[in-house]
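S.K.: For reference, this is target_8.cif, and it has mmCIF, C-alpha atoms and all ligand atoms.
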data_protein
loop_
_atom_site.label_atom_id
_atom_site.label_comp_id
_atom_site.auth_asym_id
_atom_site.auth_seq_id
_atom_site.Cartn_x
_atom_site.Cartn_y
_atom_site.Cartn_z
CA MET A 1 -5.49 -5.22 -14.25
CA ASP A 2 -3.38 -4.61 -17.37
CA GLU A 3 -3.02 -1.07 -16.17
CA ILE A 4 -1.12 -2.18 -13.05
CA LYS A 5 1.12 -4.37 -15.18
CA GLU A 6 1.91 -1.43 -17.46
CA ASN A 7 2.59 0.82 -14.49
CA PHE A 8 5.04 -1.65 -12.96
CA ALA A 9 6.85 -2.03 -16.30
CA ASN A 10 6.97 1.73 -16.72
CA ILE A 11 8.35 2.35 -13.23
CA ALA A 12 10.92 -0.43 -13.66
CA ALA A 13 12.16 1.23 -16.85
CA ARG A 14 12.36 4.63 -15.12
CA ILE A 15 14.27 3.10 -12.18
CA LYS A 16 16.72 1.58 -14.62
CA SER A 17 17.42 4.79 -16.49
CA ALA A 18 17.70 6.90 -13.33
CA ALA A 19 20.11 4.32 -11.92
CA LYS A 20 22.17 4.48 -15.08
CA GLU A 21 22.35 8.27 -14.90
CA GLY A 22 23.40 8.11 -11.27
CA GLY A 23 25.96 5.37 -11.84
CA ARG A 24 23.95 3.03 -9.65
CA ALA A 25 23.11 -0.65 -10.03
CA PRO A 26 19.33 -0.91 -10.67
CA ASN A 27 19.12 -4.20 -8.79
CA LYS A 28 20.34 -2.43 -5.63
CA ILE A 29 17.21 -0.28 -5.59
CA THR A 30 14.14 -1.73 -3.93
CA LEU A 31 10.73 -0.63 -5.12
CA ILE A 32 8.35 -0.42 -2.18
CA ALA A 33 4.82 -0.47 -3.59
CA VAL A 34 2.70 1.71 -1.31
CA GLY A 35 -0.70 0.13 -0.84
CA LYS A 36 -2.41 2.59 1.50
CA THR A 37 -6.10 3.18 0.66
CA GLN A 38 -5.85 1.01 -2.45
CA PRO A 39 -8.44 -1.68 -3.17
CA ALA A 40 -7.45 -5.31 -2.53
CA GLU A 41 -7.71 -6.27 -6.20
CA LYS A 42 -4.96 -3.82 -7.15
CA LEU A 43 -2.66 -5.18 -4.46
CA GLN A 44 -3.46 -8.70 -5.63
CA ALA A 45 -2.58 -7.69 -9.18
CA ALA A 46 0.85 -6.60 -7.92
CA LEU A 47 1.30 -9.91 -6.09
CA ASP A 48 0.27 -11.76 -9.26
CA LEU A 49 3.01 -9.91 -11.13
CA GLY A 50 5.46 -11.29 -8.59
CA HIS A 51 5.94 -8.10 -6.60
CA ARG A 52 6.61 -8.76 -2.93
CA VAL A 53 7.67 -5.53 -1.20
CA PHE A 54 4.91 -3.26 0.04
CA GLY A 55 4.56 -0.20 2.23
CA GLU A 56 1.66 0.83 4.43
CA ASN A 57 1.28 3.85 6.65
CA ARG A 58 -1.24 2.54 9.16
CA VAL A 59 -0.99 -0.59 11.27
CA GLN A 60 -4.72 -1.29 11.18
CA GLU A 61 -5.07 -0.98 7.42
CA ALA A 62 -1.92 -3.03 6.89
CA GLN A 63 -3.45 -5.86 8.90
CA THR A 64 -6.56 -5.76 6.72
CA HIS A 65 -4.49 -5.77 3.54
CA TRP A 66 -1.79 -8.25 4.45
CA HIS A 67 -2.63 -10.50 7.38
CA ALA A 68 -3.94 -13.33 5.20
CA ALA A 69 -1.36 -12.80 2.45
CA ARG A 70 1.45 -13.43 4.93
CA ASP A 71 0.82 -17.19 4.93
CA LYS A 72 0.30 -17.42 1.20
CA TYR A 73 3.40 -15.40 0.24
CA PRO A 74 6.19 -16.28 2.66
CA ASP A 75 8.61 -13.96 0.86
CA LEU A 76 6.37 -10.92 1.37
CA LYS A 77 8.18 -7.90 2.88
CA LEU A 78 6.16 -5.19 4.58
CA HIS A 79 7.46 -1.73 5.43
CA LEU A 80 5.73 0.62 7.84
CA ILE A 81 6.08 4.12 6.38
CA GLY A 82 3.60 6.06 8.53
CA SER A 83 4.06 7.31 12.07
CA LEU A 84 3.77 4.68 14.78
CA GLN A 85 2.04 5.19 18.10
CA THR A 86 3.63 3.41 21.03
CA ASN A 87 0.40 1.53 21.82
CA LYS A 88 0.56 -0.09 18.34
CA VAL A 89 4.17 -1.24 18.61
CA LYS A 90 3.41 -4.83 19.53
CA GLU A 91 1.14 -5.33 16.50
CA ALA A 92 3.57 -3.44 14.29
CA VAL A 93 6.62 -5.59 15.09
CA GLU A 94 4.55 -8.71 14.49
CA LEU A 95 3.33 -7.60 11.08
CA PHE A 96 6.14 -5.53 9.58
CA ASP A 97 9.62 -6.51 8.42
CA VAL A 98 10.87 -2.95 8.46
CA ILE A 99 9.78 0.09 10.48
CA GLU A 100 10.87 3.19 8.56
CA THR A 101 9.51 5.77 10.98
CA LEU A 102 11.57 5.41 14.14
CA ASP A 103 11.76 9.01 15.32
CA ARG A 104 11.62 9.43 19.10
CA GLU A 105 12.96 7.96 22.30
CA ASN A 106 9.72 6.60 23.72
CA LEU A 107 9.10 4.74 20.45
CA ALA A 108 12.63 3.34 20.51
CA ASP A 109 12.06 2.22 24.12
CA ALA A 110 8.77 0.54 23.19
CA ILE A 111 10.30 -1.34 20.25
CA ALA A 112 13.27 -2.45 22.37
CA LYS A 113 10.89 -3.66 25.06
CA THR A 114 9.23 -6.12 22.66
CA GLY A 115 12.63 -7.79 22.20
CA ALA A 116 11.96 -7.84 18.46
CA THR A 117 14.87 -7.63 16.05
CA VAL A 118 12.75 -5.81 13.47
CA GLU A 119 14.79 -3.73 11.05
CA CYS A 120 14.37 0.02 11.66
CA LEU A 121 15.09 3.18 9.71
CA ILE A 122 15.26 6.53 11.46
CA GLN A 123 12.92 9.08 9.91
CA VAL A 124 14.56 12.50 9.65
CA ASN A 125 12.46 15.65 9.44
CA THR A 126 14.80 17.23 6.89
CA GLY A 127 12.51 20.23 6.35
CA GLU A 128 12.04 20.77 10.11
CA GLU A 129 8.27 20.92 9.58
CA PRO A 130 6.37 21.08 12.90
CA GLN A 131 3.45 18.92 11.67
CA LYS A 132 5.71 16.15 10.36
CA GLY A 133 7.22 13.17 12.12
CA GLY A 134 10.93 12.54 12.16
CA VAL A 135 13.86 13.47 14.32
CA LEU A 136 15.33 16.94 13.72
CA PRO A 137 18.66 16.92 11.89
CA ARG A 138 20.50 18.42 14.88
CA ASP A 139 19.24 15.60 17.11
CA LEU A 140 19.96 12.77 14.68
CA GLU A 141 23.37 11.67 15.90
CA ALA A 142 22.36 11.55 19.57
CA PHE A 143 19.13 9.74 18.69
CA TYR A 144 21.01 7.19 16.60
CA LYS A 145 23.31 6.50 19.55
CA TYR A 146 20.32 6.17 21.84
CA CYS A 147 18.81 3.52 19.54
CA ALA A 148 22.11 1.70 19.10
CA ASN A 149 22.52 1.54 22.89
CA LEU A 150 19.12 -0.09 23.14
CA GLY A 151 20.32 -2.73 20.69
CA LEU A 152 17.86 -1.74 17.96
CA ASN A 153 18.60 -2.95 14.46
CA VAL A 154 18.92 0.45 12.75
CA THR A 155 20.05 0.09 9.14
CA GLY A 156 19.34 3.45 7.54
CA LEU A 157 17.50 6.75 7.23
CA MET A 158 14.21 7.81 5.69
CA CYS A 159 12.80 11.24 4.77
CA ILE A 160 9.74 12.90 3.27
CA PRO A 161 10.80 16.30 1.92
CA PRO A 162 8.39 19.26 2.26
CA VAL A 163 5.90 19.27 -0.62
CA GLN A 164 6.83 22.72 -1.88
CA ALA A 165 10.59 22.25 -1.68
CA ALA A 166 13.04 20.97 -4.28
CA PRO A 167 13.57 17.43 -3.00
CA ALA A 168 17.15 17.03 -4.23
CA LEU A 169 18.57 19.16 -1.42
CA HIS A 170 16.86 16.95 1.17
CA PHE A 171 17.95 13.74 -0.53
CA GLY A 172 21.55 14.93 -0.67
CA LEU A 173 21.54 15.82 3.03
CA LEU A 174 20.04 12.49 4.02
CA LYS A 175 22.74 10.66 2.11
CA THR A 176 25.48 12.69 3.78
CA TRP A 177 24.10 11.95 7.24
CA ALA A 178 23.72 8.25 6.50
CA GLU A 179 27.34 8.10 5.43
CA GLN A 180 28.45 9.90 8.59
CA LEU A 181 26.61 7.33 10.69
CA ASN A 182 27.80 4.45 8.54
CA LEU A 183 24.25 3.43 7.65
CA SER A 184 23.69 1.75 4.30
CA LYS A 185 19.96 2.14 3.63
CA LEU A 186 18.31 5.26 2.31
CA SER A 187 14.53 5.35 1.89
CA MET A 188 13.72 8.40 -0.18
CA GLY A 189 11.70 9.27 -3.26
CA MET A 190 7.99 8.88 -4.03
CA SER A 191 5.93 8.93 -7.27
CA ASP A 192 6.91 12.47 -8.19
CA ASP A 193 10.57 12.49 -7.27
CA PHE A 194 11.96 8.96 -7.14
CA GLU A 195 14.29 9.50 -10.09
CA ASP A 196 16.03 12.35 -8.28
CA ALA A 197 16.22 10.17 -5.18
CA ILE A 198 17.84 7.31 -7.11
CA ARG A 199 20.40 9.60 -8.70
CA LEU A 200 21.23 10.84 -5.19
CA GLY A 201 21.64 7.41 -3.62
CA ALA A 202 18.24 6.00 -2.60
CA THR A 203 18.38 2.27 -1.91
CA GLN A 204 14.62 2.03 -1.55
CA ILE A 205 11.88 4.17 -3.06
CA ARG A 206 8.26 4.35 -1.91
CA VAL A 207 5.86 4.57 -4.83
CA GLY A 208 2.07 4.56 -4.52
CA SER A 209 -0.02 6.51 -7.00
CA ALA A 210 2.30 5.97 -9.98
CA LEU A 211 1.73 2.21 -9.59
CA PHE A 212 -1.84 1.96 -8.38
CA GLY A 213 -3.46 5.24 -9.49
CA GLN A 214 -4.83 8.01 -7.33
CA ARG A 215 -5.76 7.03 -3.80
CA ARG A 216 -9.40 6.87 -2.84
CA GLN A 217 -8.92 9.27 0.05
CA ALA A 218 -6.12 11.18 1.62
CA THR A 219 -4.49 9.69 4.68
CA PRO A 220 -2.33 11.66 7.05
CA ALA A 221 1.37 10.93 6.57
C1 LIG A 301 1.78 7.72 0.62
C2 LIG A 301 3.23 7.68 0.85
C3 LIG A 301 4.11 7.40 -0.21
C4 LIG A 301 3.67 7.17 -1.64
O1 LIG A 301 3.25 8.37 -2.21
P1 LIG A 301 2.98 8.52 -3.78
O2 LIG A 301 3.19 9.96 -4.04
O3 LIG A 301 1.59 8.07 -4.01
O4 LIG A 301 3.97 7.69 -4.50
C5 LIG A 301 5.46 7.34 0.10
N1 LIG A 301 5.92 7.55 1.35
C6 LIG A 301 5.10 7.83 2.37
C7 LIG A 301 5.67 8.04 3.73
C8 LIG A 301 3.73 7.90 2.16
O5 LIG A 301 2.92 8.19 3.20
#
Show the structure stored in the file as structure tokens.

M.R.:
Amino acid sequence: MDEIKENFANIAARIKSAAKEGGRAPNKITLIAVGKTQPAEKLQAALDLGHRVFGENRVQEAQTHWHAARDKYPDLKLHLIGSLQTNKVKEAVELFDVIETLDRENLADAIAKTGATVECLIQVNTGEEPQKGGVLPRDLEAFYKYCANLGLNVTGLMCIPPVQAAPALHFGLLKTWAEQLNLSKLSMGMSDDFEDAIRLGATQIRVGSALFGQRRQATPA
């Protein structure tokens, strides 16, 4: 698994130089290693390197990947980065440390009902794409207030820009909105655009294929 080691070193160096260009502190940027569809031995290689922050986009698969590792690595941090159905909320709040895809009232209600204090990010559909999750920009402020009234622990915003668009515009907007709402966390940037995201203020980036190689099959976002 020397390849994984090299990839982690390479990404760390790129994070550092993008941070420098953006006048950011590299240690304020969290690398979320996205494990979806990756084989267990690659995830284990990342754990062996000391990496502890991982992202998954499906509750079921995350349980397969991480349920056992939870006991062995108490400092493990798991982020849910795929859309969450309300009937999976109970399992999700038990497994994940952060839910990055809070995007609608009935989901907010369901999370609040568990009484969990799980950290949440609001996903914003910056490109207003009908097939994509996320609250529409015009609804963001009201939705944030709705979540705050429920007592949810909302700490930031997350976005997945449209594939064909220049991501920088979306990253810049997300940062502006986070500042307006006084939220400190910004989850933006993936394998192909994380350097832009860092320069524009990302506090956490979600990187899969650049660390672990191409995925075995596509999974819906
Ligand atoms: C799969 C996925 C990623 C990682 O994508 P890569 O391009 O492989 O880095 C990041 N964020 C979300 C929401 C994803 O579903």

S.K.: Out of A:Asn57, A:Gln63, A:Ser184, A:Gln164, which residue has the shortest atom-to-atom distance to ligand LIG 301 (chain A) when counting all atoms listed in the file?

M.R.: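 Between A:Asn57, A:Gln63, A:Ser184, A:Gln164, the residue approaching ligand LIG 301 (chain A) most closely is A:Asn57.
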
S.K.: Just how far from atom CA of Gly201 of chain A is atom CA of Lys185 of chain A, in Å to one decimal?

M.R.: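 These atoms are spaced 9.1 Å apart.
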
S.K.: Find the residue from A:Thr37, A:Thr126, A:Ser17, A:Asn87 that sits nearest to ligand LIG 301 (chain A); use all atoms listed in the file when measuring.

M.R.: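 Of A:Thr37, A:Thr126, A:Ser17, A:Asn87, the one nearest ligand LIG 301 (chain A) is A:Thr37, counting all atoms listed in the file.
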
S.K.: Tell me which protein, DNA and RNA residues are within 7 Å of segment 68-77 of chain A, counting all atoms listed in the file, leaving out same-chain ones fewer than 2 positions away, and put them as a PyMOL selection string.

M.R.: chain A and resi 52-54+66+79+97

S.K.: What residues of the protein or nucleic acid chains come within 7 Å of ligand LIG 301 (chain A) when you use only C-alpha atoms and all ligand atoms? Reply as a compact mmCIF listing (two decimals) with C-alpha atoms, keeping the file's coordinate frame.

M.R.:
# COMPACT_ATOMS: atom_id res chain seq x y z
CA VAL A 34 2.70 1.71 -1.31
CA LYS A 36 -2.41 2.59 1.50
CA ASN A 57 1.28 3.85 6.65
CA ILE A 81 6.08 4.12 6.38
CA GLY A 82 3.60 6.06 8.53
CA ILE A 160 9.74 12.90 3.27
CA MET A 190 7.99 8.88 -4.03
CA SER A 191 5.93 8.93 -7.27
CA ASP A 192 6.91 12.47 -8.19
CA ARG A 206 8.26 4.35 -1.91
CA VAL A 207 5.86 4.57 -4.83
CA GLY A 208 2.07 4.56 -4.52
CA SER A 209 -0.02 6.51 -7.00
CA ALA A 210 2.30 5.97 -9.98
CA ALA A 221 1.37 10.93 6.57

S.K.: Please indicate the distance in Å from atom CA of Lys113 of chain A to atom CA of Thr101 of chain A, rounded to one decimal place.

M.R.: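 Distance reported for this atom pair: 17.0 Å.
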